[in-house]
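*Asks:* One structure is given below, represented as structure tokens, and several questions about it will come after.
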Amino acid sequence: MLKLYACLVALLLGVASSSAQLATTTAAAPERYDQGRLGEGLLPLGDVFEPLWADPFWPLMSASYHRYVQDDFLENVAAFTIGGTIPIYRWKDPAIPDLDWLEFALQTAVHSDFDQDRFSRDNFNNDFVFGGMLNARKGRWSGMFRLWHRSSHVGDEYLTNDSGVIREDFSYDRADLRLSYDVLGNAYIDDHGLLRVYGGFGRALRRPSPPSYEFWHLQWGVEARAPIELWDHWRPVASADVQQQEGNGFKLDFNLRAGLQAENQKVHGRNIKFLAEFYNGKEPNGQFWEDDVLYVGFGMFVTL
């Protein structure tokens, strides 16, 4: 397991190192968005704030396999997410000098996990997410402010098939602030290399259920795209995401995803990623949030 972890970290560092070789060329790139790559007005194309690919609960479309290591309840899990970010309206505010874009968007998603070792492949957890976002970009900087709700529900079959689990109410409403900076290149200017860092915090708007989950949440991470394509169409990518929750004593929840992005295969203009995954931290699924877990896996990820 340590060898796998080391290999994934090495891949992330290797992609970042390759991107760094383009520092001199990307430094000369314009700092403004290529506005032809983004729409404006009602229901525009593109994203002002790019998706956080290694965030386990970022709304997108995905299908993944997770192999839990030395876990008391789970071993082989199929995980699915149906959701996405929908830009509702995008505009420029003349009162803010040199601001490239402002955007209001909605996010919604359903995350479902299925225990593959049970005869009926029981659905052991569902997470429902819905929220509104105000996104902004200026040059290489982008940010988002999000108000959202999350609630989790253990599957009925999992409860009735002698799982030993008792259903608990898990939900919260939270305000999130995230900032992002394109260190090398720009997602809409430079297609040949990108190194991005991001971070921020969130706070529950009311006491969560259960109350021991507490209020404060921290998140930070890094994303890298290689400056080269393999076999003409496949670009190596890697991303590491770290989250910390007050109720867990701000323990580090680490998720690493790395793999290939299909440059020529797109759904509504969005790239498809095929990624290996390594997670170590507290269980990200609902009422099991206090459990320490470690899993590896792989999956396909697409944004809408």
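FYI, nothing fancy with the structure tokens labels: chains A, B, ... in order, residues from 1 per chain, ligands from 1 as they appear.
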Counting only C-alpha atoms, what are the residues of segment 77-178 of chain A within 10 Å of segment 37-50 of chain A, and for each of them which pair of atoms is the nearest and at what distance in Å, to one decimal? Sort the table by chain and rising number, as a Markdown table.
*Replies:*
| residue | atom | partner | partner_atom | distance |
| --- | --- | --- | --- | --- |
| A:Thr85 | CA | A:Asp47 | CA | 8.5 |
| A:Ile86 | CA | A:Leu43 | CA | 7.6 |
| A:Pro87 | CA | A:Leu43 | CA | 5.6 |
| A:Ile88 | CA | A:Leu43 | CA | 4.7 |
| A:Tyr89 | CA | A:Leu42 | CA | 4.6 |
| A:Arg90 | CA | A:Glu40 | CA | 4.9 |
| A:Trp91 | CA | A:Glu40 | CA | 6.0 |
| A:Lys92 | CA | A:Glu40 | CA | 8.8 |
| A:Asp100 | CA | A:Val48 | CA | 9.3 |
| A:Trp101 | CA | A:Val48 | CA | 7.1 |
| A:Leu102 | CA | A:Val48 | CA | 7.7 |
| A:Glu103 | CA | A:Val48 | CA | 7.0 |
| A:Phe104 | CA | A:Val48 | CA | 9.7 |
| A:Ala105 | CA | A:Leu43 | CA | 9.0 |
| A:Met133 | CA | A:Phe49 | CA | 9.8 |
| A:Leu134 | CA | A:Phe49 | CA | 9.4 |
| A:Asn135 | CA | A:Phe49 | CA | 6.1 |
| A:Ala136 | CA | A:Val48 | CA | 6.3 |
| A:Arg137 | CA | A:Val48 | CA | 6.2 |
| A:Lys138 | CA | A:Val48 | CA | 9.7 |
| A:Trp141 | CA | A:Phe49 | CA | 9.2 |
| A:Ser142 | CA | A:Phe49 | CA | 5.8 |
| A:Gly143 | CA | A:Phe49 | CA | 6.2 |
| A:Met144 | CA | A:Phe49 | CA | 6.6 |
| A:Arg178 | CA | A:Phe49 | CA | 9.4 |
*Asks:* Residues at most 8 Å from Pro284 of chain A, counting only C-alpha atoms, excluding those fewer than 3 positions away in the same chain, as a list in words?
*Replies:*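 Surrounding residues, per the criterion: Pro56, Phe288 and Trp289 of chain A.
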*Asks:* Output the selection as a PDB file, in the first residue's frame - C-alpha atoms for each residue.
*Replies:*
ATOM      1  CA  PRO A  56     -14.971  13.526  -3.372  1.00  0.00           C
ATOM      2  CA  PHE A 288     -20.017   7.209   8.875  1.00  0.00           C
ATOM      3  CA  TRP A 289     -17.989  10.425   9.091  1.00  0.00           C
TER       4      TRP A 289
END
*Asks:* Residues within 9 Å of Ala175 of chain A, please, as a list in words. Count only C-alpha atoms; anything in the same chain fewer than 5 positions from it doesn't count.
*Replies:* Phe145, Arg146, Leu147, Trp148, Phe201, Gly202, Arg203, Ala204 and Leu205 of chain A
*Asks:* Name the residues in contact with Asp115 of chain A at a cut-off of 8 Å, using only C-alpha atoms, excluding same-chain residues fewer than 5 positions from it; report them as a ChimeraX atom specification.
*Replies:* /A:74-78,121-124
*Asks:* Work out how far apart atom CA of Asp182 of chain A and atom CA of Leu194 of chain A are and give it in Å to one decimal.
*Replies:*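 One can read the atom CA of Asp182 of chain A to atom CA of Leu194 of chain A distance as 6.8 Å.
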*Asks:* For Phe274 of chain A, which residue among A:Met61, A:Val69, A:Leu256, A:Ala262 is the nearest when counting only C-alpha atoms?
*Replies:* A:Ala262
*Asks:* Point out the residue among A:Phe119, A:Gly132, A:Gln261, A:Asn271 with the least atom-to-atom distance to Glu229 of chain A, counting only C-alpha atoms.
*Replies:*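 Answer, going by the shortest atom-to-atom distance: A:Gln261.
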*Asks:* Determine, counting only C-alpha atoms, which protein, DNA and RNA residues have an atom within 10 Å of an atom of Leu230 of chain A; residues of the same chain fewer than 4 positions away are not included. Present the result as a list in words.
*Replies:*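 The filter keeps Ala226, Trp234, Arg235, Pro236, Leu260, Gln261 and Ala262 of chain A.
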*Asks:* Given the selection you just returned, output its residues as a file containing all heavy atoms, formatted as a JSON list (two decimals), in the first residue's frame.
*Replies:*
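The result, stored in selection17.json:
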[["chain", "number", "residue", "atom", "x", "y", "z"],
["A", 226, "ALA", "N", -0.21, 17.72, -17.62],
["A", 226, "ALA", "CA", 1.08, 17.62, -18.30],
["A", 226, "ALA", "C", 1.08, 18.46, -19.57],
["A", 226, "ALA", "O", 0.04, 18.64, -20.21],
["A", 226, "ALA", "CB", 1.39, 16.17, -18.64],
["A", 234, "TRP", "N", -4.18, 11.65, -25.32],
["A", 234, "TRP", "CA", -4.29, 11.38, -23.89],
["A", 234, "TRP", "C", -3.29, 12.24, -23.11],
["A", 234, "TRP", "O", -2.09, 12.14, -23.32],
["A", 234, "TRP", "CB", -4.04, 9.91, -23.60],
["A", 234, "TRP", "CG", -5.04, 9.02, -24.26],
["A", 234, "TRP", "CD1", -4.93, 8.44, -25.49],
["A", 234, "TRP", "CD2", -6.31, 8.63, -23.75],
["A", 234, "TRP", "NE1", -6.05, 7.70, -25.78],
["A", 234, "TRP", "CE2", -6.91, 7.80, -24.73],
["A", 234, "TRP", "CE3", -6.99, 8.90, -22.56],
["A", 234, "TRP", "CZ2", -8.17, 7.25, -24.55],
["A", 234, "TRP", "CZ3", -8.25, 8.34, -22.38],
["A", 234, "TRP", "CH2", -8.83, 7.53, -23.36],
["A", 235, "ARG", "N", -3.80, 13.08, -22.22],
["A", 235, "ARG", "CA", -2.96, 13.98, -21.44],
["A", 235, "ARG", "C", -2.89, 13.50, -19.99],
["A", 235, "ARG", "O", -3.93, 13.36, -19.33],
["A", 235, "ARG", "CB", -3.50, 15.40, -21.48],
["A", 235, "ARG", "CG", -2.56, 16.43, -20.83],
["A", 235, "ARG", "CD", -3.16, 17.83, -20.88],
["A", 235, "ARG", "NE", -3.45, 18.26, -22.24],
["A", 235, "ARG", "CZ", -2.54, 18.76, -23.07],
["A", 235, "ARG", "NH1", -1.29, 18.90, -22.67],
["A", 235, "ARG", "NH2", -2.88, 19.14, -24.29],
["A", 236, "PRO", "N", -1.69, 13.26, -19.43],
["A", 236, "PRO", "CA", -1.58, 12.90, -18.01],
["A", 236, "PRO", "C", -2.04, 14.06, -17.11],
["A", 236, "PRO", "O", -1.71, 15.23, -17.35],
["A", 236, "PRO", "CB", -0.08, 12.63, -17.82],
["A", 236, "PRO", "CG", 0.42, 12.31, -19.20],
["A", 236, "PRO", "CD", -0.39, 13.18, -20.12],
["A", 260, "LEU", "N", -5.40, 9.82, -16.90],
["A", 260, "LEU", "CA", -5.36, 10.38, -18.24],
["A", 260, "LEU", "C", -6.65, 11.12, -18.56],
["A", 260, "LEU", "O", -7.74, 10.70, -18.17],
["A", 260, "LEU", "CB", -5.15, 9.27, -19.28],
["A", 260, "LEU", "CG", -3.83, 8.50, -19.19],
["A", 260, "LEU", "CD1", -3.83, 7.34, -20.18],
["A", 260, "LEU", "CD2", -2.64, 9.41, -19.45],
["A", 261, "GLN", "N", -6.50, 12.22, -19.31],
["A", 261, "GLN", "CA", -7.63, 12.99, -19.79],
["A", 261, "GLN", "C", -7.73, 12.80, -21.29],
["A", 261, "GLN", "O", -6.75, 12.99, -22.02],
["A", 261, "GLN", "CB", -7.44, 14.46, -19.46],
["A", 261, "GLN", "CG", -8.51, 15.37, -20.03],
["A", 261, "GLN", "CD", -8.34, 16.80, -19.56],
["A", 261, "GLN", "OE1", -8.55, 17.11, -18.39],
["A", 261, "GLN", "NE2", -7.91, 17.68, -20.46],
["A", 262, "ALA", "N", -8.92, 12.40, -21.77],
["A", 262, "ALA", "CA", -9.14, 12.19, -23.20],
["A", 262, "ALA", "C", -9.40, 13.54, -23.86],
["A", 262, "ALA", "O", -10.48, 14.10, -23.71],
["A", 262, "ALA", "CB", -10.30, 11.23, -23.42]]
*Asks:* Do a neighbour search on Gln243 of chain A at 7 Å with only C-alpha atoms, toss out local chain neighbours closer than 4 positions, and write the hits as a list in words.
*Replies:* Leu218, Gln219, Trp220, Leu252, Asp253 and Phe254 of chain A
*Asks:* According to DSSP computed on the backbone, where in segment 23-101 of chain A is there helix (DSSP H, G or I)? Give the residues as a PyMOL selection string.
*Replies:* chain A and resi 23-27+35-37
*Asks:* What is the distance, in Å and to one decimal place, between atom CA of Gly249 of chain A and atom CA of Pro208 of chain A?
*Replies:*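 The value is 15.6 Å.
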*Asks:* Enter the distance from atom CA of Gly221 of chain A to atom CA of Leu52 of chain A, in Å, rounded to one decimal.
*Replies:*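 Separation between atom CA of Gly221 of chain A and atom CA of Leu52 of chain A: 8.6 Å.
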*Asks:* Looking at only C-alpha atoms, which of A:Asp117, A:Asp71, A:Asp98, A:Glu290 is the one that sits closest to Phe170 of chain A?
*Replies:*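 That would be A:Glu290, the residue with the smallest distance to Phe170 of chain A.
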*Asks:* Could you give me, as a count of residues only, the residues within 9 Å of Phe57 of chain A, counting only C-alpha atoms and dropping anything in the same chain fewer than 5 positions from it?
*Replies:* 6
